[in-house]
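Below: coords_5.cif (mmCIF, N, CA, C and O atoms)
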data_input
#
loop_
_atom_site.group_PDB
_atom_site.id
_atom_site.type_symbol
_atom_site.label_atom_id
_atom_site.label_comp_id
_atom_site.auth_asym_id
_atom_site.auth_seq_id
_atom_site.Cartn_x
_atom_site.Cartn_y
_atom_site.Cartn_z
ATOM 1 N N ARG A 1 -11.593 1.438 1.282
ATOM 2 C CA ARG A 1 -10.816 1.790 0.126
ATOM 3 C C ARG A 1 -9.351 1.545 0.436
ATOM 4 O O ARG A 1 -8.863 1.886 1.512
ATOM 5 N N ARG A 2 -8.659 0.957 -0.535
ATOM 6 C CA ARG A 2 -7.221 0.715 -0.376
ATOM 7 C C ARG A 2 -6.501 1.110 -1.647
ATOM 8 O O ARG A 2 -7.063 1.061 -2.732
ATOM 9 N N GLU A 3 -5.246 1.453 -1.514
ATOM 10 C CA GLU A 3 -4.417 1.785 -2.664
ATOM 11 C C GLU A 3 -3.220 0.856 -2.679
ATOM 12 O O GLU A 3 -2.685 0.491 -1.624
ATOM 13 N N PHE A 4 -2.797 0.463 -3.879
ATOM 14 C CA PHE A 4 -1.675 -0.451 -4.047
ATOM 15 C C PHE A 4 -0.700 0.123 -5.046
ATOM 16 O O PHE A 4 -1.106 0.711 -6.052
ATOM 17 N N ASP A 5 0.561 -0.067 -4.787
ATOM 18 C CA ASP A 5 1.607 0.370 -5.707
ATOM 19 C C ASP A 5 1.881 -0.770 -6.688
ATOM 20 O O ASP A 5 2.900 -1.453 -6.608
ATOM 21 N N ALA A 6 0.920 -1.004 -7.584
ATOM 22 C CA ALA A 6 1.009 -2.091 -8.559
ATOM 23 C C ALA A 6 0.103 -1.748 -9.728
ATOM 24 O O ALA A 6 -0.855 -0.988 -9.571
ATOM 25 N N PRO A 7 0.378 -2.311 -10.897
ATOM 26 C CA PRO A 7 -0.504 -2.072 -12.045
ATOM 27 C C PRO A 7 -1.919 -2.566 -11.754
ATOM 28 O O PRO A 7 -2.114 -3.608 -11.120
ATOM 29 N N ARG A 8 -2.896 -1.822 -12.209
ATOM 30 C CA ARG A 8 -4.303 -2.122 -11.950
ATOM 31 C C ARG A 8 -4.679 -3.545 -12.362
ATOM 32 O O ARG A 8 -5.386 -4.245 -11.649
ATOM 33 N N HIS A 9 -4.196 -4.012 -13.505
ATOM 34 C CA HIS A 9 -4.572 -5.357 -13.970
ATOM 35 C C HIS A 9 -4.035 -6.454 -13.041
ATOM 36 O O HIS A 9 -4.667 -7.488 -12.865
ATOM 37 N N LEU A 10 -2.892 -6.222 -12.400
ATOM 38 C CA LEU A 10 -2.365 -7.214 -11.458
ATOM 39 C C LEU A 10 -3.156 -7.232 -10.154
ATOM 40 O O LEU A 10 -3.393 -8.302 -9.580
ATOM 41 N N VAL A 11 -3.566 -6.066 -9.690
ATOM 42 C CA VAL A 11 -4.392 -6.005 -8.473
ATOM 43 C C VAL A 11 -5.734 -6.675 -8.743
ATOM 44 O O VAL A 11 -6.227 -7.457 -7.925
ATOM 45 N N PHE A 12 -6.327 -6.409 -9.905
ATOM 46 C CA PHE A 12 -7.600 -7.035 -10.259
ATOM 47 C C PHE A 12 -7.451 -8.554 -10.290
ATOM 48 O O PHE A 12 -8.281 -9.280 -9.744
ATOM 49 N N ALA A 13 -6.379 -9.046 -10.882
ATOM 50 C CA ALA A 13 -6.127 -10.497 -10.924
ATOM 51 C C ALA A 13 -5.957 -11.059 -9.514
ATOM 52 O O ALA A 13 -6.466 -12.136 -9.198
ATOM 53 N N ALA A 14 -5.272 -10.328 -8.652
ATOM 54 C CA ALA A 14 -5.014 -10.815 -7.288
ATOM 55 C C ALA A 14 -6.293 -11.006 -6.484
ATOM 56 O O ALA A 14 -6.333 -11.849 -5.587
ATOM 57 N N VAL A 15 -7.333 -10.254 -6.794
ATOM 58 C CA VAL A 15 -8.575 -10.371 -6.022
ATOM 59 C C VAL A 15 -9.688 -11.118 -6.760
ATOM 60 O O VAL A 15 -10.779 -11.289 -6.215
ATOM 61 N N THR A 16 -9.401 -11.584 -7.994
ATOM 62 C CA THR A 16 -10.455 -12.250 -8.767
ATOM 63 C C THR A 16 -10.071 -13.632 -9.290
ATOM 64 O O THR A 16 -10.931 -14.341 -9.810
ATOM 65 N N GLN A 17 -8.823 -14.029 -9.169
ATOM 66 C CA GLN A 17 -8.398 -15.332 -9.665
ATOM 67 C C GLN A 17 -8.050 -16.235 -8.483
ATOM 68 O O GLN A 17 -7.184 -15.902 -7.667
ATOM 69 N N PRO A 18 -8.737 -17.386 -8.399
ATOM 70 C CA PRO A 18 -8.577 -18.257 -7.223
ATOM 71 C C PRO A 18 -7.130 -18.613 -6.882
ATOM 72 O O PRO A 18 -6.768 -18.656 -5.711
ATOM 73 N N GLU A 19 -6.297 -18.842 -7.888
ATOM 74 C CA GLU A 19 -4.914 -19.233 -7.594
ATOM 75 C C GLU A 19 -4.147 -18.126 -6.884
ATOM 76 O O GLU A 19 -3.219 -18.392 -6.131
ATOM 77 N N TYR A 20 -4.547 -16.869 -7.080
ATOM 78 C CA TYR A 20 -3.901 -15.753 -6.390
ATOM 79 C C TYR A 20 -4.575 -15.466 -5.052
ATOM 80 O O TYR A 20 -3.904 -15.203 -4.058
ATOM 81 N N VAL A 21 -5.901 -15.503 -5.026
ATOM 82 C CA VAL A 21 -6.628 -15.260 -3.774
ATOM 83 C C VAL A 21 -6.169 -16.242 -2.697
ATOM 84 O O VAL A 21 -5.969 -15.877 -1.543
ATOM 85 N N ALA A 22 -5.961 -17.484 -3.087
ATOM 86 C CA ALA A 22 -5.549 -18.522 -2.127
ATOM 87 C C ALA A 22 -4.195 -18.209 -1.486
ATOM 88 O O ALA A 22 -3.890 -18.712 -0.413
ATOM 89 N N GLN A 23 -3.407 -17.351 -2.111
ATOM 90 C CA GLN A 23 -2.089 -17.017 -1.573
ATOM 91 C C GLN A 23 -2.123 -15.911 -0.519
ATOM 92 O O GLN A 23 -1.180 -15.760 0.239
ATOM 93 N N TRP A 24 -3.204 -15.138 -0.469
ATOM 94 C CA TRP A 24 -3.199 -14.009 0.462
ATOM 95 C C TRP A 24 -4.423 -13.918 1.361
ATOM 96 O O TRP A 24 -4.376 -13.242 2.384
ATOM 97 N N TRP A 25 -5.526 -14.565 1.031
ATOM 98 C CA TRP A 25 -6.761 -14.374 1.799
ATOM 99 C C TRP A 25 -6.692 -15.135 3.119
ATOM 100 O O TRP A 25 -6.241 -16.269 3.156
ATOM 101 N N GLY A 26 -7.149 -14.528 4.176
ATOM 102 C CA GLY A 26 -7.119 -15.159 5.491
ATOM 103 C C GLY A 26 -5.928 -14.663 6.299
ATOM 104 O O GLY A 26 -5.529 -13.519 6.196
ATOM 105 N N PHE A 27 -5.367 -15.553 7.091
ATOM 106 C CA PHE A 27 -4.186 -15.180 7.876
ATOM 107 C C PHE A 27 -3.219 -16.360 7.908
ATOM 108 O O PHE A 27 -3.570 -17.477 7.524
ATOM 109 N N ARG A 28 -2.012 -16.126 8.342
ATOM 110 C CA ARG A 28 -0.927 -17.119 8.220
ATOM 111 C C ARG A 28 -1.218 -18.467 8.856
ATOM 112 O O ARG A 28 -0.828 -19.488 8.335
ATOM 113 N N ALA A 29 -1.905 -18.494 9.970
ATOM 114 C CA ALA A 29 -2.131 -19.758 10.674
ATOM 115 C C ALA A 29 -3.275 -20.574 10.069
ATOM 116 O O ALA A 29 -3.431 -21.744 10.387
ATOM 117 N N ALA A 30 -4.064 -19.962 9.179
ATOM 118 C CA ALA A 30 -5.197 -20.652 8.569
ATOM 119 C C ALA A 30 -4.830 -21.064 7.144
ATOM 120 O O ALA A 30 -3.891 -20.553 6.553
ATOM 121 N N PHE A 31 -5.617 -22.007 6.613
ATOM 122 C CA PHE A 31 -5.373 -22.525 5.268
ATOM 123 C C PHE A 31 -6.675 -22.427 4.477
ATOM 124 O O PHE A 31 -7.723 -22.867 4.951
ATOM 125 N N LEU A 32 -6.623 -21.849 3.298
ATOM 126 C CA LEU A 32 -7.799 -21.724 2.454
ATOM 127 C C LEU A 32 -8.023 -23.049 1.737
ATOM 128 O O LEU A 32 -7.251 -23.437 0.868
ATOM 129 N N THR A 33 -9.070 -23.771 2.117
ATOM 130 C CA THR A 33 -9.319 -25.102 1.548
ATOM 131 C C THR A 33 -10.234 -25.055 0.338
ATOM 132 O O THR A 33 -10.282 -26.009 -0.427
ATOM 133 N N GLU A 34 -10.979 -23.974 0.188
ATOM 134 C CA GLU A 34 -11.870 -23.825 -0.961
ATOM 135 C C GLU A 34 -11.860 -22.380 -1.407
ATOM 136 O O GLU A 34 -11.929 -21.465 -0.584
ATOM 137 N N CYS A 35 -11.752 -22.174 -2.716
ATOM 138 C CA CYS A 35 -11.759 -20.830 -3.276
ATOM 139 C C CYS A 35 -12.422 -20.916 -4.646
ATOM 140 O O CYS A 35 -11.788 -21.286 -5.626
ATOM 141 N N ARG A 36 -13.715 -20.597 -4.680
ATOM 142 C CA ARG A 36 -14.462 -20.618 -5.940
ATOM 143 C C ARG A 36 -14.895 -19.199 -6.284
ATOM 144 O O ARG A 36 -15.410 -18.484 -5.417
ATOM 145 N N ILE A 37 -14.670 -18.823 -7.534
ATOM 146 C CA ILE A 37 -15.031 -17.485 -7.990
ATOM 147 C C ILE A 37 -15.688 -17.597 -9.359
ATOM 148 O O ILE A 37 -15.078 -18.077 -10.310
ATOM 149 N N ASP A 38 -16.944 -17.157 -9.442
ATOM 150 C CA ASP A 38 -17.688 -17.085 -10.701
ATOM 151 C C ASP A 38 -17.858 -15.597 -10.994
ATOM 152 O O ASP A 38 -18.836 -14.979 -10.594
ATOM 153 N N LEU A 39 -16.865 -15.038 -11.664
ATOM 154 C CA LEU A 39 -16.739 -13.586 -11.814
ATOM 155 C C LEU A 39 -17.615 -13.063 -12.958
ATOM 156 O O LEU A 39 -17.172 -12.906 -14.082
ATOM 157 N N ARG A 40 -18.869 -12.824 -12.625
ATOM 158 C CA ARG A 40 -19.839 -12.230 -13.555
ATOM 159 C C ARG A 40 -20.979 -11.679 -12.716
ATOM 160 O O ARG A 40 -21.192 -12.137 -11.590
ATOM 161 N N PRO A 41 -21.691 -10.686 -13.201
ATOM 162 C CA PRO A 41 -22.851 -10.206 -12.444
ATOM 163 C C PRO A 41 -23.803 -11.367 -12.176
ATOM 164 O O PRO A 41 -24.156 -12.124 -13.083
ATOM 165 N N GLY A 42 -24.176 -11.551 -10.928
ATOM 166 C CA GLY A 42 -25.012 -12.668 -10.520
ATOM 167 C C GLY A 42 -24.219 -13.912 -10.155
ATOM 168 O O GLY A 42 -24.756 -14.855 -9.592
ATOM 169 N N GLY A 43 -22.920 -13.921 -10.458
ATOM 170 C CA GLY A 43 -22.050 -15.034 -10.084
ATOM 171 C C GLY A 43 -21.717 -14.959 -8.605
ATOM 172 O O GLY A 43 -21.945 -13.946 -7.942
ATOM 173 N N SER A 44 -21.170 -16.021 -8.075
ATOM 174 C CA SER A 44 -20.900 -16.055 -6.640
ATOM 175 C C SER A 44 -19.434 -16.361 -6.350
ATOM 176 O O SER A 44 -18.689 -16.792 -7.217
ATOM 177 N N TRP A 45 -19.061 -16.127 -5.110
ATOM 178 C CA TRP A 45 -17.736 -16.504 -4.619
ATOM 179 C C TRP A 45 -17.923 -17.247 -3.302
ATOM 180 O O TRP A 45 -18.880 -17.041 -2.589
ATOM 181 N N ARG A 46 -17.014 -18.173 -3.032
ATOM 182 C CA ARG A 46 -17.042 -18.928 -1.773
ATOM 183 C C ARG A 46 -15.618 -19.270 -1.379
ATOM 184 O O ARG A 46 -14.851 -19.807 -2.176
ATOM 185 N N TYR A 47 -15.268 -18.941 -0.139
ATOM 186 C CA TYR A 47 -13.972 -19.271 0.437
ATOM 187 C C TYR A 47 -14.227 -20.060 1.720
ATOM 188 O O TYR A 47 -15.141 -19.740 2.474
ATOM 189 N N VAL A 48 -13.411 -21.063 1.975
ATOM 190 C CA VAL A 48 -13.497 -21.809 3.226
ATOM 191 C C VAL A 48 -12.103 -21.856 3.845
ATOM 192 O O VAL A 48 -11.144 -22.279 3.195
ATOM 193 N N LEU A 49 -12.020 -21.412 5.093
ATOM 194 C CA LEU A 49 -10.756 -21.411 5.841
ATOM 195 C C LEU A 49 -10.731 -22.566 6.824
ATOM 196 O O LEU A 49 -11.722 -22.817 7.521
ATOM 197 N N ARG A 50 -9.606 -23.266 6.899
ATOM 198 C CA ARG A 50 -9.391 -24.258 7.955
ATOM 199 C C ARG A 50 -8.475 -23.609 8.979
ATOM 200 O O ARG A 50 -7.379 -23.155 8.671
ATOM 201 N N MET A 51 -8.952 -23.608 10.212
ATOM 202 C CA MET A 51 -8.222 -22.971 11.290
ATOM 203 C C MET A 51 -7.219 -23.947 11.908
ATOM 204 O O MET A 51 -7.323 -25.162 11.695
ATOM 205 N N PRO A 52 -6.262 -23.451 12.686
ATOM 206 C CA PRO A 52 -5.280 -24.327 13.319
ATOM 207 C C PRO A 52 -5.903 -25.418 14.191
ATOM 208 O O PRO A 52 -5.353 -26.507 14.311
ATOM 209 N N ASP A 53 -7.086 -25.164 14.775
ATOM 210 C CA ASP A 53 -7.735 -26.174 15.615
ATOM 211 C C ASP A 53 -8.548 -27.189 14.805
ATOM 212 O O ASP A 53 -9.188 -28.064 15.359
ATOM 213 N N GLY A 54 -8.532 -27.065 13.462
ATOM 214 C CA GLY A 54 -9.249 -27.991 12.590
ATOM 215 C C GLY A 54 -10.645 -27.542 12.211
ATOM 216 O O GLY A 54 -11.267 -28.136 11.329
ATOM 217 N N SER A 55 -11.155 -26.515 12.841
ATOM 218 C CA SER A 55 -12.481 -26.021 12.476
ATOM 219 C C SER A 55 -12.423 -25.330 11.117
ATOM 220 O O SER A 55 -11.367 -24.883 10.677
ATOM 221 N N THR A 56 -13.566 -25.287 10.441
ATOM 222 C CA THR A 56 -13.638 -24.616 9.149
ATOM 223 C C THR A 56 -14.684 -23.512 9.215
ATOM 224 O O THR A 56 -15.671 -23.607 9.949
ATOM 225 N N HIS A 57 -14.454 -22.470 8.426
ATOM 226 C CA HIS A 57 -15.349 -21.315 8.390
ATOM 227 C C HIS A 57 -15.527 -20.891 6.940
ATOM 228 O O HIS A 57 -14.549 -20.614 6.241
ATOM 229 N N GLY A 58 -16.777 -20.864 6.484
ATOM 230 C CA GLY A 58 -17.078 -20.504 5.111
ATOM 231 C C GLY A 58 -17.514 -19.061 4.974
ATOM 232 O O GLY A 58 -18.147 -18.496 5.876
ATOM 233 N N PHE A 59 -17.178 -18.467 3.869
ATOM 234 C CA PHE A 59 -17.542 -17.093 3.528
ATOM 235 C C PHE A 59 -18.036 -17.111 2.088
ATOM 236 O O PHE A 59 -17.458 -17.801 1.239
ATOM 237 N N CYS A 60 -19.095 -16.362 1.793
ATOM 238 C CA CYS A 60 -19.603 -16.363 0.425
ATOM 239 C C CYS A 60 -20.314 -15.053 0.121
ATOM 240 O O CYS A 60 -20.643 -14.281 1.014
ATOM 241 N N GLY A 61 -20.541 -14.827 -1.158
ATOM 242 C CA GLY A 61 -21.246 -13.636 -1.606
ATOM 243 C C GLY A 61 -21.608 -13.758 -3.068
ATOM 244 O O GLY A 61 -21.250 -14.729 -3.739
ATOM 245 N N VAL A 62 -22.318 -12.753 -3.567
ATOM 246 C CA VAL A 62 -22.748 -12.701 -4.960
ATOM 247 C C VAL A 62 -22.246 -11.395 -5.562
ATOM 248 O O VAL A 62 -22.347 -10.331 -4.935
ATOM 249 N N TYR A 63 -21.732 -11.464 -6.774
ATOM 250 C CA TYR A 63 -21.282 -10.267 -7.476
ATOM 251 C C TYR A 63 -22.483 -9.558 -8.094
ATOM 252 O O TYR A 63 -23.251 -10.157 -8.845
ATOM 253 N N ARG A 64 -22.649 -8.294 -7.778
ATOM 254 C CA ARG A 64 -23.705 -7.491 -8.389
ATOM 255 C C ARG A 64 -23.204 -6.841 -9.671
ATOM 256 O O ARG A 64 -23.950 -6.632 -10.606
ATOM 257 N N GLU A 65 -21.927 -6.485 -9.659
ATOM 258 C CA GLU A 65 -21.332 -5.814 -10.808
ATOM 259 C C GLU A 65 -19.868 -6.199 -10.858
ATOM 260 O O GLU A 65 -19.224 -6.358 -9.820
ATOM 261 N N VAL A 66 -19.335 -6.345 -12.059
ATOM 262 C CA VAL A 66 -17.911 -6.617 -12.234
ATOM 263 C C VAL A 66 -17.384 -5.558 -13.185
ATOM 264 O O VAL A 66 -17.780 -5.507 -14.346
ATOM 265 N N ALA A 67 -16.532 -4.673 -12.682
ATOM 266 C CA ALA A 67 -16.007 -3.576 -13.470
ATOM 267 C C ALA A 67 -14.544 -3.368 -13.134
ATOM 268 O O ALA A 67 -14.228 -2.688 -12.158
ATOM 269 N N PRO A 68 -13.631 -3.962 -13.909
ATOM 270 C CA PRO A 68 -12.211 -3.840 -13.587
ATOM 271 C C PRO A 68 -11.665 -2.426 -13.695
ATOM 272 O O PRO A 68 -10.661 -2.116 -13.096
ATOM 273 N N GLY A 69 -12.299 -1.536 -14.432
ATOM 274 C CA GLY A 69 -11.809 -0.171 -14.545
ATOM 275 C C GLY A 69 -10.880 0.007 -15.722
ATOM 276 O O GLY A 69 -10.540 -0.914 -16.444
ATOM 277 N N ASN A 70 -10.463 1.234 -15.922
ATOM 278 C CA ASN A 70 -9.590 1.571 -17.044
ATOM 279 C C ASN A 70 -8.230 0.910 -16.900
ATOM 280 O O ASN A 70 -7.643 0.894 -15.836
ATOM 281 N N GLY A 71 -7.766 0.332 -17.974
ATOM 282 C CA GLY A 71 -6.430 -0.251 -17.986
ATOM 283 C C GLY A 71 -6.350 -1.660 -17.462
ATOM 284 O O GLY A 71 -5.307 -2.280 -17.535
ATOM 285 N N ALA A 72 -7.423 -2.193 -16.921
ATOM 286 C CA ALA A 72 -7.395 -3.566 -16.400
ATOM 287 C C ALA A 72 -7.675 -4.540 -17.522
ATOM 288 O O ALA A 72 -8.396 -4.244 -18.459
ATOM 289 N N ARG A 73 -7.098 -5.689 -17.415
ATOM 290 C CA ARG A 73 -7.345 -6.755 -18.372
ATOM 291 C C ARG A 73 -8.211 -7.810 -17.688
ATOM 292 O O ARG A 73 -7.743 -8.460 -16.768
ATOM 293 N N PRO A 74 -9.474 -7.952 -18.113
ATOM 294 C CA PRO A 74 -10.341 -8.939 -17.428
ATOM 295 C C PRO A 74 -9.853 -10.355 -17.576
ATOM 296 O O PRO A 74 -9.109 -10.688 -18.432
#

The structure in this file should be written as structure tokens.
Amino acid sequence: RREFDAPRHLVFAAVTQPEYVAQWWGFRAAFLTECRIDLRPGGSWRYVLRMPDGSTHGFCGVYREVAPGNGARP
């Protein structure tokens, strides 16, 4: 669990929209080469990081539920 000093709709956008996720996911020395998000129940996400040594590492998952909460704009 984490808390952020930001409006809920902006935090939701930061973790669900590829153009924003690509700006923060991973770490400074790595580069996010792929960021796909199908934001719906049963939809999937996939991120691929390129490391400084040129290796790549993929991460993926499936959304079981999408619930932005009160005050969020989907």

Do you know which residues the PyMOL selection byres ((chain A and resi 66) around 7) returns on this file, as JSON, numbers by chain? {"A": [39, 40, 41, 63, 64, 65, 67, 68, 69]}

Go ahead and dump the residues you just picked, N, CA, C and O atoms, as a PDB file, keeping the file's coordinate frame.
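Dumped everything to selection_4.pdb:
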ATOM      1  N   LEU A  39     -16.865 -15.038 -11.664  1.00  0.00           N
ATOM      2  CA  LEU A  39     -16.739 -13.586 -11.814  1.00  0.00           C
ATOM      3  C   LEU A  39     -17.615 -13.063 -12.958  1.00  0.00           C
ATOM      4  O   LEU A  39     -17.172 -12.906 -14.082  1.00  0.00           O
ATOM      5  N   ARG A  40     -18.869 -12.824 -12.625  1.00  0.00           N
ATOM      6  CA  ARG A  40     -19.839 -12.230 -13.555  1.00  0.00           C
ATOM      7  C   ARG A  40     -20.979 -11.679 -12.716  1.00  0.00           C
ATOM      8  O   ARG A  40     -21.192 -12.137 -11.590  1.00  0.00           O
ATOM      9  N   PRO A  41     -21.691 -10.686 -13.201  1.00  0.00           N
ATOM     10  CA  PRO A  41     -22.851 -10.206 -12.444  1.00  0.00           C
ATOM     11  C   PRO A  41     -23.803 -11.367 -12.176  1.00  0.00           C
ATOM     12  O   PRO A  41     -24.156 -12.124 -13.083  1.00  0.00           O
ATOM     13  N   TYR A  63     -21.732 -11.464  -6.774  1.00  0.00           N
ATOM     14  CA  TYR A  63     -21.282 -10.267  -7.476  1.00  0.00           C
ATOM     15  C   TYR A  63     -22.483  -9.558  -8.094  1.00  0.00           C
ATOM     16  O   TYR A  63     -23.251 -10.157  -8.845  1.00  0.00           O
ATOM     17  N   ARG A  64     -22.649  -8.294  -7.778  1.00  0.00           N
ATOM     18  CA  ARG A  64     -23.705  -7.491  -8.389  1.00  0.00           C
ATOM     19  C   ARG A  64     -23.204  -6.841  -9.671  1.00  0.00           C
ATOM     20  O   ARG A  64     -23.950  -6.632 -10.606  1.00  0.00           O
ATOM     21  N   GLU A  65     -21.927  -6.485  -9.659  1.00  0.00           N
ATOM     22  CA  GLU A  65     -21.332  -5.814 -10.808  1.00  0.00           C
ATOM     23  C   GLU A  65     -19.868  -6.199 -10.858  1.00  0.00           C
ATOM     24  O   GLU A  65     -19.224  -6.358  -9.820  1.00  0.00           O
ATOM     25  N   ALA A  67     -16.532  -4.673 -12.682  1.00  0.00           N
ATOM     26  CA  ALA A  67     -16.007  -3.576 -13.470  1.00  0.00           C
ATOM     27  C   ALA A  67     -14.544  -3.368 -13.134  1.00  0.00           C
ATOM     28  O   ALA A  67     -14.228  -2.688 -12.158  1.00  0.00           O
ATOM     29  N   PRO A  68     -13.631  -3.962 -13.909  1.00  0.00           N
ATOM     30  CA  PRO A  68     -12.211  -3.840 -13.587  1.00  0.00           C
ATOM     31  C   PRO A  68     -11.665  -2.426 -13.695  1.00  0.00           C
ATOM     32  O   PRO A  68     -10.661  -2.116 -13.096  1.00  0.00           O
ATOM     33  N   GLY A  69     -12.299  -1.536 -14.432  1.00  0.00           N
ATOM     34  CA  GLY A  69     -11.809  -0.171 -14.545  1.00  0.00           C
ATOM     35  C   GLY A  69     -10.880   0.007 -15.722  1.00  0.00           C
ATOM     36  O   GLY A  69     -10.540  -0.914 -16.444  1.00  0.00           O
TER      37      GLY A  69
END

Quick one: DSSP strand (DSSP E) residues in chain A, as an MDAnalysis selection string? chainID A and resid 31:37 44:50 56:62

Given the PyMOL selection byres ((chain A and resi 28-31) around 7), the residues it picks as a ChimeraX atom specification: /A:22,25-27,32-34,48-53

Report the residues of chain A whose backbone DSSP state falls under alpha helix (DSSP H), written as a list in words.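 Matching residues, listed in order: Arg8, His9, Leu10, Val11, Phe12, Ala13, Ala14, Val15, Thr16, Pro18, Glu19, Tyr20, Val21, Ala22, Gln23 and Trp24 of chain A.
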
Taking the file as I've supplied it (selection: the PyMOL selection byres ((chain A and resi 35) around 5)), which residues are included? Please answer as JSON, numbers by chain. {"A": [18, 33, 34, 36, 37, 46, 47]}

Please produce an output containing N, CA, C and O atoms for each residue in the selection, written as a PDB file, in the frame of the given file.
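Result written to part_2.pdb:
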ATOM      1  N   PRO A  18      -8.737 -17.386  -8.399  1.00  0.00           N
ATOM      2  CA  PRO A  18      -8.577 -18.257  -7.223  1.00  0.00           C
ATOM      3  C   PRO A  18      -7.130 -18.613  -6.882  1.00  0.00           C
ATOM      4  O   PRO A  18      -6.768 -18.656  -5.711  1.00  0.00           O
ATOM      5  N   THR A  33      -9.070 -23.771   2.117  1.00  0.00           N
ATOM      6  CA  THR A  33      -9.319 -25.102   1.548  1.00  0.00           C
ATOM      7  C   THR A  33     -10.234 -25.055   0.338  1.00  0.00           C
ATOM      8  O   THR A  33     -10.282 -26.009  -0.427  1.00  0.00           O
ATOM      9  N   GLU A  34     -10.979 -23.974   0.188  1.00  0.00           N
ATOM     10  CA  GLU A  34     -11.870 -23.825  -0.961  1.00  0.00           C
ATOM     11  C   GLU A  34     -11.860 -22.380  -1.407  1.00  0.00           C
ATOM     12  O   GLU A  34     -11.929 -21.465  -0.584  1.00  0.00           O
ATOM     13  N   ARG A  36     -13.715 -20.597  -4.680  1.00  0.00           N
ATOM     14  CA  ARG A  36     -14.462 -20.618  -5.940  1.00  0.00           C
ATOM     15  C   ARG A  36     -14.895 -19.199  -6.284  1.00  0.00           C
ATOM     16  O   ARG A  36     -15.410 -18.484  -5.417  1.00  0.00           O
ATOM     17  N   ILE A  37     -14.670 -18.823  -7.534  1.00  0.00           N
ATOM     18  CA  ILE A  37     -15.031 -17.485  -7.990  1.00  0.00           C
ATOM     19  C   ILE A  37     -15.688 -17.597  -9.359  1.00  0.00           C
ATOM     20  O   ILE A  37     -15.078 -18.077 -10.310  1.00  0.00           O
ATOM     21  N   ARG A  46     -17.014 -18.173  -3.032  1.00  0.00           N
ATOM     22  CA  ARG A  46     -17.042 -18.928  -1.773  1.00  0.00           C
ATOM     23  C   ARG A  46     -15.618 -19.270  -1.379  1.00  0.00           C
ATOM     24  O   ARG A  46     -14.851 -19.807  -2.176  1.00  0.00           O
ATOM     25  N   TYR A  47     -15.268 -18.941  -0.139  1.00  0.00           N
ATOM     26  CA  TYR A  47     -13.972 -19.271   0.437  1.00  0.00           C
ATOM     27  C   TYR A  47     -14.227 -20.060   1.720  1.00  0.00           C
ATOM     28  O   TYR A  47     -15.141 -19.740   2.474  1.00  0.00           O
TER      29      TYR A  47
END

Interatomic distance between atom C of His57 in chain A and CA of Trp45 in chain A? 12.6 Å

Do you have the atom O of Ser44 in chain A-CA of Cys60 in chain A distance handy?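 Distance reported for this atom pair: 7.7 Å.
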
Could you tell me how far atom N of Val11 in chain A lies from atom N of Gly61 in chain A, in Å and to one decimal?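 Atom N of Val11 in chain A sits 20.9 Å away from atom N of Gly61 in chain A.
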